[in-house]
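Undergrad: My file is coords-v1.pdb. It has PDB, C-alpha atoms:
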MODEL        1
ATOM      1  CA  MET B   1     120.621 120.247 100.232
ATOM      2  CA  PRO B   2     118.137 117.426  99.833
ATOM      3  CA  THR B   3     118.707 117.259  96.052
ATOM      4  CA  ASP B   4     122.449 116.625  96.422
ATOM      5  CA  LEU B   5     121.868 114.001  99.087
ATOM      6  CA  SER B   6     119.207 112.267  96.996
ATOM      7  CA  ALA B   7     121.591 112.084  94.028
ATOM      8  CA  LEU B   8     124.349 110.894  96.363
ATOM      9  CA  LEU B   9     122.126 107.995  97.446
ATOM     10  CA  GLY B  10     120.087 107.410  94.279
ATOM     11  CA  TYR B  11     122.840 106.965  91.698
ATOM     12  CA  PRO B  12     124.952 104.504  93.718
ATOM     13  CA  ALA B  13     121.716 102.674  94.610
ATOM     14  CA  ALA B  14     120.799 102.291  90.921
ATOM     15  CA  VAL B  15     124.316 101.177  89.984
ATOM     16  CA  LEU B  16     124.481  98.612  92.817
ATOM     17  CA  THR B  17     121.067  97.004  92.310
ATOM     18  CA  THR B  18     121.767  96.767  88.564
ATOM     19  CA  ALA B  19     125.401  95.581  88.806
ATOM     20  CA  ALA B  20     124.413  92.983  91.424
ATOM     21  CA  PHE B  21     122.961  90.748  88.717
ATOM     22  CA  VAL B  22     126.271  90.515  86.843
ATOM     23  CA  PRO B  23     127.921  88.087  89.324
ATOM     24  CA  GLN B  24     124.668  86.094  89.636
ATOM     25  CA  ALA B  25     124.241  85.731  85.860
ATOM     26  CA  TRP B  26     127.941  84.891  85.480
ATOM     27  CA  LYS B  27     127.828  82.286  88.260
ATOM     28  CA  SER B  28     124.656  80.702  86.885
ATOM     29  CA  TRP B  29     126.053  80.657  83.341
ATOM     30  CA  ARG B  30     129.443  79.247  84.394
ATOM     31  CA  THR B  31     128.329  76.587  86.884
ATOM     32  CA  ARG B  32     124.844  75.780  85.489
ATOM     33  CA  ASP B  33     124.028  75.213  89.169
ATOM     34  CA  LEU B  34     120.524  76.640  89.506
ATOM     35  CA  THR B  35     119.352  74.448  92.392
ATOM     36  CA  GLY B  36     119.241  77.250  94.979
ATOM     37  CA  ILE B  37     117.604  79.715  92.585
ATOM     38  CA  SER B  38     113.838  80.259  92.933
ATOM     39  CA  LEU B  39     111.965  79.970  89.632
ATOM     40  CA  PRO B  40     108.959  82.017  90.881
ATOM     41  CA  MET B  41     111.362  84.741  92.019
ATOM     42  CA  TYR B  42     112.969  85.142  88.611
ATOM     43  CA  ALA B  43     109.640  84.842  86.790
ATOM     44  CA  LEU B  44     108.081  87.629  88.917
ATOM     45  CA  PHE B  45     111.265  89.708  88.949
ATOM     46  CA  THR B  46     111.857  89.553  85.172
ATOM     47  CA  LEU B  47     108.252  90.528  84.479
ATOM     48  CA  GLY B  48     108.530  93.362  87.012
ATOM     49  CA  VAL B  49     111.754  94.678  85.484
ATOM     50  CA  ALA B  50     110.161  94.570  82.012
ATOM     51  CA  LEU B  51     107.318  96.724  83.397
ATOM     52  CA  TRP B  52     109.910  99.113  84.926
ATOM     53  CA  CYS B  53     111.405  99.486  81.417
ATOM     54  CA  GLY B  54     107.972 100.309  80.017
ATOM     55  CA  TYR B  55     107.490 102.762  82.891
ATOM     56  CA  GLY B  56     110.819 104.409  81.982
ATOM     57  CA  VAL B  57     109.707 104.779  78.367
ATOM     58  CA  VAL B  58     106.352 106.300  79.377
ATOM     59  CA  ILE B  59     107.855 108.830  81.804
ATOM     60  CA  GLY B  60     110.772 109.457  79.414
ATOM     61  CA  SER B  61     113.536 108.588  81.880
ATOM     62  CA  PRO B  62     116.725 107.296  80.209
ATOM     63  CA  PRO B  63     118.284 106.200  83.568
ATOM     64  CA  VAL B  64     115.237 104.054  84.403
ATOM     65  CA  ILE B  65     115.272 102.542  80.892
ATOM     66  CA  VAL B  66     119.033 101.843  80.894
ATOM     67  CA  ALA B  67     119.266 100.445  84.442
ATOM     68  CA  ASN B  68     116.236  98.191  84.010
ATOM     69  CA  GLY B  69     117.211  97.253  80.445
ATOM     70  CA  ILE B  70     120.545  95.879  81.713
ATOM     71  CA  THR B  71     118.837  94.108  84.628
ATOM     72  CA  LEU B  72     116.231  92.682  82.239
ATOM     73  CA  VAL B  73     118.924  91.045  80.085
ATOM     74  CA  LEU B  74     120.746  89.579  83.106
ATOM     75  CA  ALA B  75     117.623  88.409  84.954
ATOM     76  CA  SER B  76     116.267  86.876  81.721
ATOM     77  CA  LEU B  77     119.497  84.900  81.359
ATOM     78  CA  VAL B  78     119.187  83.492  84.903
ATOM     79  CA  LEU B  79     115.479  82.768  84.324
ATOM     80  CA  GLY B  80     116.228  80.976  81.036
ATOM     81  CA  LEU B  81     118.958  78.851  82.636
ATOM     82  CA  LYS B  82     116.626  78.000  85.534
ATOM     83  CA  ILE B  83     113.791  76.974  83.198
ATOM     84  CA  ARG B  84     116.212  74.829  81.209
ATOM     85  CA  SER B  85     117.551  73.169  84.382
ATOM     86  CA  VAL B  86     114.033  72.443  85.643
ATOM     87  CA  SER B  87     112.841  70.954  82.342
ATOM     88  CA  ALA B  88     116.065  68.993  81.786
TER      89      ALA B  88
ATOM     90  CA  MET S   1      97.241 109.969  79.279
ATOM     91  CA  PRO S   2     100.866 109.332  80.139
ATOM     92  CA  THR S   3     100.212 109.615  83.892
ATOM     93  CA  ASP S   4      97.604 106.864  83.882
ATOM     94  CA  LEU S   5      99.823 104.612  81.778
ATOM     95  CA  SER S   6     102.835 105.261  83.999
ATOM     96  CA  ALA S   7     100.823 104.326  87.098
ATOM     97  CA  LEU S   8      99.494 101.283  85.258
ATOM     98  CA  LEU S   9     103.072 100.132  84.667
ATOM     99  CA  GLY S  10     104.841 101.541  87.722
ATOM    100  CA  TYR S  11     102.713 100.105  90.535
ATOM    101  CA  PRO S  12     102.621  96.514  89.221
ATOM    102  CA  ALA S  13     106.373  96.825  88.501
ATOM    103  CA  ALA S  14     107.075  97.846  92.111
ATOM    104  CA  VAL S  15     104.862  95.078  93.509
ATOM    105  CA  LEU S  16     106.435  92.404  91.282
ATOM    106  CA  THR S  17     110.101  93.291  91.867
ATOM    107  CA  THR S  18     109.425  93.451  95.617
ATOM    108  CA  ALA S  19     107.240  90.331  95.873
ATOM    109  CA  ALA S  20     109.755  88.359  93.796
ATOM    110  CA  PHE S  21     112.067  88.044  96.793
ATOM    111  CA  VAL S  22     109.414  86.275  98.890
ATOM    112  CA  PRO S  23     109.697  82.892  97.079
ATOM    113  CA  GLN S  24     113.514  83.203  96.960
ATOM    114  CA  ALA S  25     113.819  83.955 100.685
ATOM    115  CA  TRP S  26     111.329  81.196 101.489
ATOM    116  CA  LYS S  27     113.155  78.654  99.281
ATOM    117  CA  SER S  28     116.554  79.590 100.751
ATOM    118  CA  TRP S  29     115.202  79.441 104.305
ATOM    119  CA  ARG S  30     113.406  76.118 103.804
ATOM    120  CA  THR S  31     116.059  74.213 101.835
ATOM    121  CA  ARG S  32     119.222  75.931 103.136
ATOM    122  CA  ASP S  33     120.486  75.219  99.607
ATOM    123  CA  LEU S  34     122.437  78.347  98.732
ATOM    124  CA  THR S  35     124.890  76.769  96.271
ATOM    125  CA  GLY S  36     123.473  78.477  93.180
ATOM    126  CA  ILE S  37     123.156  81.851  94.906
ATOM    127  CA  SER S  38     125.871  84.440  94.195
ATOM    128  CA  LEU S  39     127.326  86.010  97.355
ATOM    129  CA  PRO S  40     128.602  89.135  95.503
ATOM    130  CA  MET S  41     125.129  89.590  94.001
ATOM    131  CA  TYR S  42     123.370  89.636  97.372
ATOM    132  CA  ALA S  43     126.104  91.764  98.970
ATOM    133  CA  LEU S  44     125.840  94.419  96.213
ATOM    134  CA  PHE S  45     122.060  94.137  95.987
ATOM    135  CA  THR S  46     121.412  94.441  99.738
ATOM    136  CA  LEU S  47     123.687  97.486  99.967
ATOM    137  CA  GLY S  48     121.950  99.003  96.923
ATOM    138  CA  VAL S  49     118.471  98.422  98.372
ATOM    139  CA  ALA S  50     119.577 100.008 101.677
ATOM    140  CA  LEU S  51     120.664 103.079  99.683
ATOM    141  CA  TRP S  52     117.280 103.076  97.896
ATOM    142  CA  CYS S  53     115.616 103.201 101.341
ATOM    143  CA  GLY S  54     117.784 106.192 102.282
ATOM    144  CA  TYR S  55     116.902 107.768  98.941
ATOM    145  CA  GLY S  56     113.206 107.264  99.704
ATOM    146  CA  VAL S  57     113.611 108.969 103.080
ATOM    147  CA  VAL S  58     115.469 111.931 101.538
ATOM    148  CA  ILE S  59     112.923 112.501  98.748
ATOM    149  CA  GLY S  60     110.052 111.755 101.171
ATOM    150  CA  SER S  61     108.530 108.917  99.149
ATOM    151  CA  PRO S  62     106.624 106.354 101.258
ATOM    152  CA  PRO S  63     106.252 103.894  98.315
ATOM    153  CA  VAL S  64     110.044 103.868  97.742
ATOM    154  CA  ILE S  65     110.678 103.389 101.476
ATOM    155  CA  VAL S  66     108.077 100.614 101.884
ATOM    156  CA  ALA S  67     108.970  98.660  98.701
ATOM    157  CA  ASN S  68     112.701  98.791  99.388
ATOM    158  CA  GLY S  69     112.242  98.213 103.116
ATOM    159  CA  ILE S  70     110.464  94.916 102.403
ATOM    160  CA  THR S  71     113.074  93.953  99.800
ATOM    161  CA  LEU S  72     115.846  94.879 102.260
ATOM    162  CA  VAL S  73     114.522  92.437 104.881
ATOM    163  CA  LEU S  74     114.124  89.602 102.349
ATOM    164  CA  ALA S  75     117.464  90.172 100.567
ATOM    165  CA  SER S  76     119.246  90.448 103.947
ATOM    166  CA  LEU S  77     117.806  87.070 104.938
ATOM    167  CA  VAL S  78     119.119  85.421 101.746
ATOM    168  CA  LEU S  79     122.492  87.189 102.188
ATOM    169  CA  GLY S  80     122.743  86.017 105.817
ATOM    170  CA  LEU S  81     121.912  82.412 104.879
ATOM    171  CA  LYS S  82     124.477  82.544 102.063
ATOM    172  CA  ILE S  83     127.206  83.917 104.350
ATOM    173  CA  ARG S  84     126.412  81.210 106.911
ATOM    174  CA  SER S  85     126.525  78.473 104.237
ATOM    175  CA  VAL S  86     129.863  79.743 102.902
ATOM    176  CA  SER S  87     131.484  79.956 106.335
ATOM    177  CA  ALA S  88     130.026  76.622 107.502
TER     178      ALA S  88
ENDMDL
END
Would it be possible to restate this file's structure as structure tokens?

TA:
Amino acid sequence: MPTDLSALLGYPAAVLTTAAFVPQAWKSWRTRDLTGISLPMYALFTLGVALWCGYGVVIGSPPVIVANGITLVLASLVLGLKIRSVSA
Amino acid sequence: MPTDLSALLGYPAAVLTTAAFVPQAWKSWRTRDLTGISLPMYALFTLGVALWCGYGVVIGSPPVIVANGITLVLASLVLGLKIRSVSA
């Protein structure tokens, strides 16, 4: 039953890697402490997640669009706060 | 040509979201400044990426295994440094 096992691993994987950015975005927003956050990481990551969204649209996959859409919003928030803290 | 467009978006997306963790891991390793890093984020994210690796094995997808394997090493490093900084 490879299909069942793949779903058993894939869905929790998608939920975890998406939900992970909630505590990071919340922490960054609340504390405005962005010193340990890498600007290149969030620049590359946000661009990558935006491309994943486009990929989801092209292949017509709602889960890929939704998961990456949520991550895009959260990662963009962290990126924006980091840029503001660097230029402040 | 949806296949060409999906490859055009998907491969750069995978490279970017994987490569993004290189500057973060390097910054965390070099500065040992983990104050802005969210522990719950890296705990959830590392577990999620490990599941993605398992998912890649089950569906037999080398790109999924390789991309998430690299991310797993880098995210684990940041998680380990964060745990050490919290318990120090």

Undergrad: Quick one: residues within 7 Å of Met41 (chain S), only C-alpha atoms, excluding same-chain residues fewer than 4 positions away - as a list of chain:residue names?

TA: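 Contacts, with the query itself left out: B:Ala20, B:Phe21, B:Pro23, B:Gln24, S:Phe45.
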
Undergrad: So that I have them on file, write out the residues from the current selection with C-alpha atoms, as a PDB file, in the coordinates of the input.

TA:
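The new file out22.pdb reads:
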ATOM      1  CA  ALA B  20     124.413  92.983  91.424  1.00  0.00           C
ATOM      2  CA  PHE B  21     122.961  90.748  88.717  1.00  0.00           C
ATOM      3  CA  PRO B  23     127.921  88.087  89.324  1.00  0.00           C
ATOM      4  CA  GLN B  24     124.668  86.094  89.636  1.00  0.00           C
TER       5      GLN B  24
ATOM      6  CA  PHE S  45     122.060  94.137  95.987  1.00  0.00           C
TER       7      PHE S  45
END

Undergrad: Please determine the contact residues of chain S with respect to chain B at a cut-off of 9 Å, counting only C-alpha atoms, and supply them as a count of residues only.

TA: 54

Undergrad: Fit chain B to chain S, using all C-alpha atoms paired in sequence order for the least-squares superposition, and then show me the result as a compact mmCIF listing (two decimals) with C-alpha atoms, in the frame of the given file.

TA:
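Now in part_24.txt:
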# COMPACT_ATOMS: atom_id res chain seq x y z
CA MET B 1 97.19 109.99 79.31
CA PRO B 2 100.82 109.36 80.11
CA THR B 3 100.21 109.67 83.88
CA ASP B 4 97.61 106.87 83.90
CA LEU B 5 99.82 104.63 81.80
CA SER B 6 102.84 105.29 84.02
CA ALA B 7 100.83 104.34 87.12
CA LEU B 8 99.49 101.30 85.27
CA LEU B 9 103.07 100.14 84.66
CA GLY B 10 104.83 101.55 87.73
CA TYR B 11 102.72 100.10 90.53
CA PRO B 12 102.63 96.52 89.21
CA ALA B 13 106.37 96.83 88.49
CA ALA B 14 107.08 97.84 92.11
CA VAL B 15 104.86 95.08 93.49
CA LEU B 16 106.44 92.40 91.27
CA THR B 17 110.10 93.29 91.86
CA THR B 18 109.42 93.46 95.61
CA ALA B 19 107.23 90.32 95.87
CA ALA B 20 109.75 88.35 93.78
CA PHE B 21 112.05 88.04 96.78
CA VAL B 22 109.41 86.27 98.89
CA PRO B 23 109.70 82.89 97.08
CA GLN B 24 113.52 83.21 96.96
CA ALA B 25 113.82 83.96 100.69
CA TRP B 26 111.32 81.19 101.49
CA LYS B 27 113.15 78.66 99.30
CA SER B 28 116.54 79.59 100.75
CA TRP B 29 115.21 79.46 104.32
CA ARG B 30 113.40 76.13 103.81
CA THR B 31 116.05 74.21 101.85
CA ARG B 32 119.22 75.94 103.14
CA ASP B 33 120.47 75.23 99.61
CA LEU B 34 122.45 78.35 98.74
CA THR B 35 124.89 76.75 96.30
CA GLY B 36 123.49 78.47 93.19
CA ILE B 37 123.17 81.85 94.90
CA SER B 38 125.89 84.44 94.19
CA LEU B 39 127.33 86.01 97.35
CA PRO B 40 128.61 89.13 95.50
CA MET B 41 125.15 89.58 94.00
CA TYR B 42 123.39 89.64 97.35
CA ALA B 43 126.11 91.76 98.96
CA LEU B 44 125.84 94.42 96.20
CA PHE B 45 122.06 94.13 95.96
CA THR B 46 121.42 94.44 99.72
CA LEU B 47 123.68 97.48 99.95
CA GLY B 48 121.95 99.00 96.92
CA VAL B 49 118.47 98.42 98.36
CA ALA B 50 119.58 99.99 101.66
CA LEU B 51 120.67 103.07 99.67
CA TRP B 52 117.28 103.08 97.87
CA CYS B 53 115.62 103.20 101.32
CA GLY B 54 117.78 106.17 102.28
CA TYR B 55 116.91 107.77 98.94
CA GLY B 56 113.20 107.26 99.71
CA VAL B 57 113.62 108.95 103.09
CA VAL B 58 115.47 111.92 101.56
CA ILE B 59 112.93 112.49 98.77
CA GLY B 60 110.06 111.74 101.18
CA SER B 61 108.53 108.91 99.14
CA PRO B 62 106.63 106.36 101.26
CA PRO B 63 106.26 103.89 98.31
CA VAL B 64 110.04 103.86 97.73
CA ILE B 65 110.67 103.38 101.47
CA VAL B 66 108.07 100.60 101.87
CA ALA B 67 108.96 98.65 98.71
CA ASN B 68 112.69 98.79 99.38
CA GLY B 69 112.23 98.21 103.12
CA ILE B 70 110.46 94.90 102.40
CA THR B 71 113.08 93.94 99.80
CA LEU B 72 115.85 94.87 102.24
CA VAL B 73 114.52 92.44 104.87
CA LEU B 74 114.14 89.60 102.35
CA ALA B 75 117.46 90.16 100.57
CA SER B 76 119.24 90.44 103.95
CA LEU B 77 117.80 87.06 104.93
CA VAL B 78 119.13 85.42 101.74
CA LEU B 79 122.49 87.18 102.20
CA GLY B 80 122.73 86.02 105.83
CA LEU B 81 121.92 82.42 104.89
CA LYS B 82 124.49 82.55 102.07
CA ILE B 83 127.21 83.91 104.37
CA ARG B 84 126.41 81.22 106.92
CA SER B 85 126.54 78.48 104.25
CA VAL B 86 129.88 79.74 102.93
CA SER B 87 131.49 79.97 106.38
CA ALA B 88 130.04 76.65 107.55

Undergrad: In Å to one decimal, how far is CA of Val64 (chain B) from CA of Val64 (chain S)?

TA: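 Pair CA of Val64 (chain S) / CA of Val64 (chain B) returns 14.3 Å.
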
Undergrad: Could you work out how far CA of Ala75 (chain B) lies from CA of Pro62 (chain B), giving the answer in Å with one decimal?

TA: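 Separation between CA of Pro62 (chain B) and CA of Ala75 (chain B): 19.5 Å.
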
Undergrad: Step by step, work through what the PyMOL selection byres ((chain S and resi 81) around 8) selects in the shown file, and finish by giving those residues as a list in words.

TA: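 Evaluating the PyMOL selection byres ((chain S and resi 81) around 8) on this file yields Ser28, Trp29, Arg32, Leu34, Leu77, Val78, Leu79, Gly80, Lys82, Ile83, Arg84 and Ser85 of chain S.
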
Undergrad: Might I get the box with edges along x, y and z of the file that holds all atoms of region 68-80 of chain S listed there, padded by 6 Å on every side, given as centre and edge lengths in Å to one decimal, as JSON?

TA:
{"center_x": 116.6, "center_y": 92.1, "center_z": 102.6, "size_x": 24.3, "size_y": 25.4, "size_z": 18.4}

Undergrad: At what distance in Å, to one decimal, does CA of Arg30 (chain S) lie from CA of Leu74 (chain S)?

TA: 13.6 Å
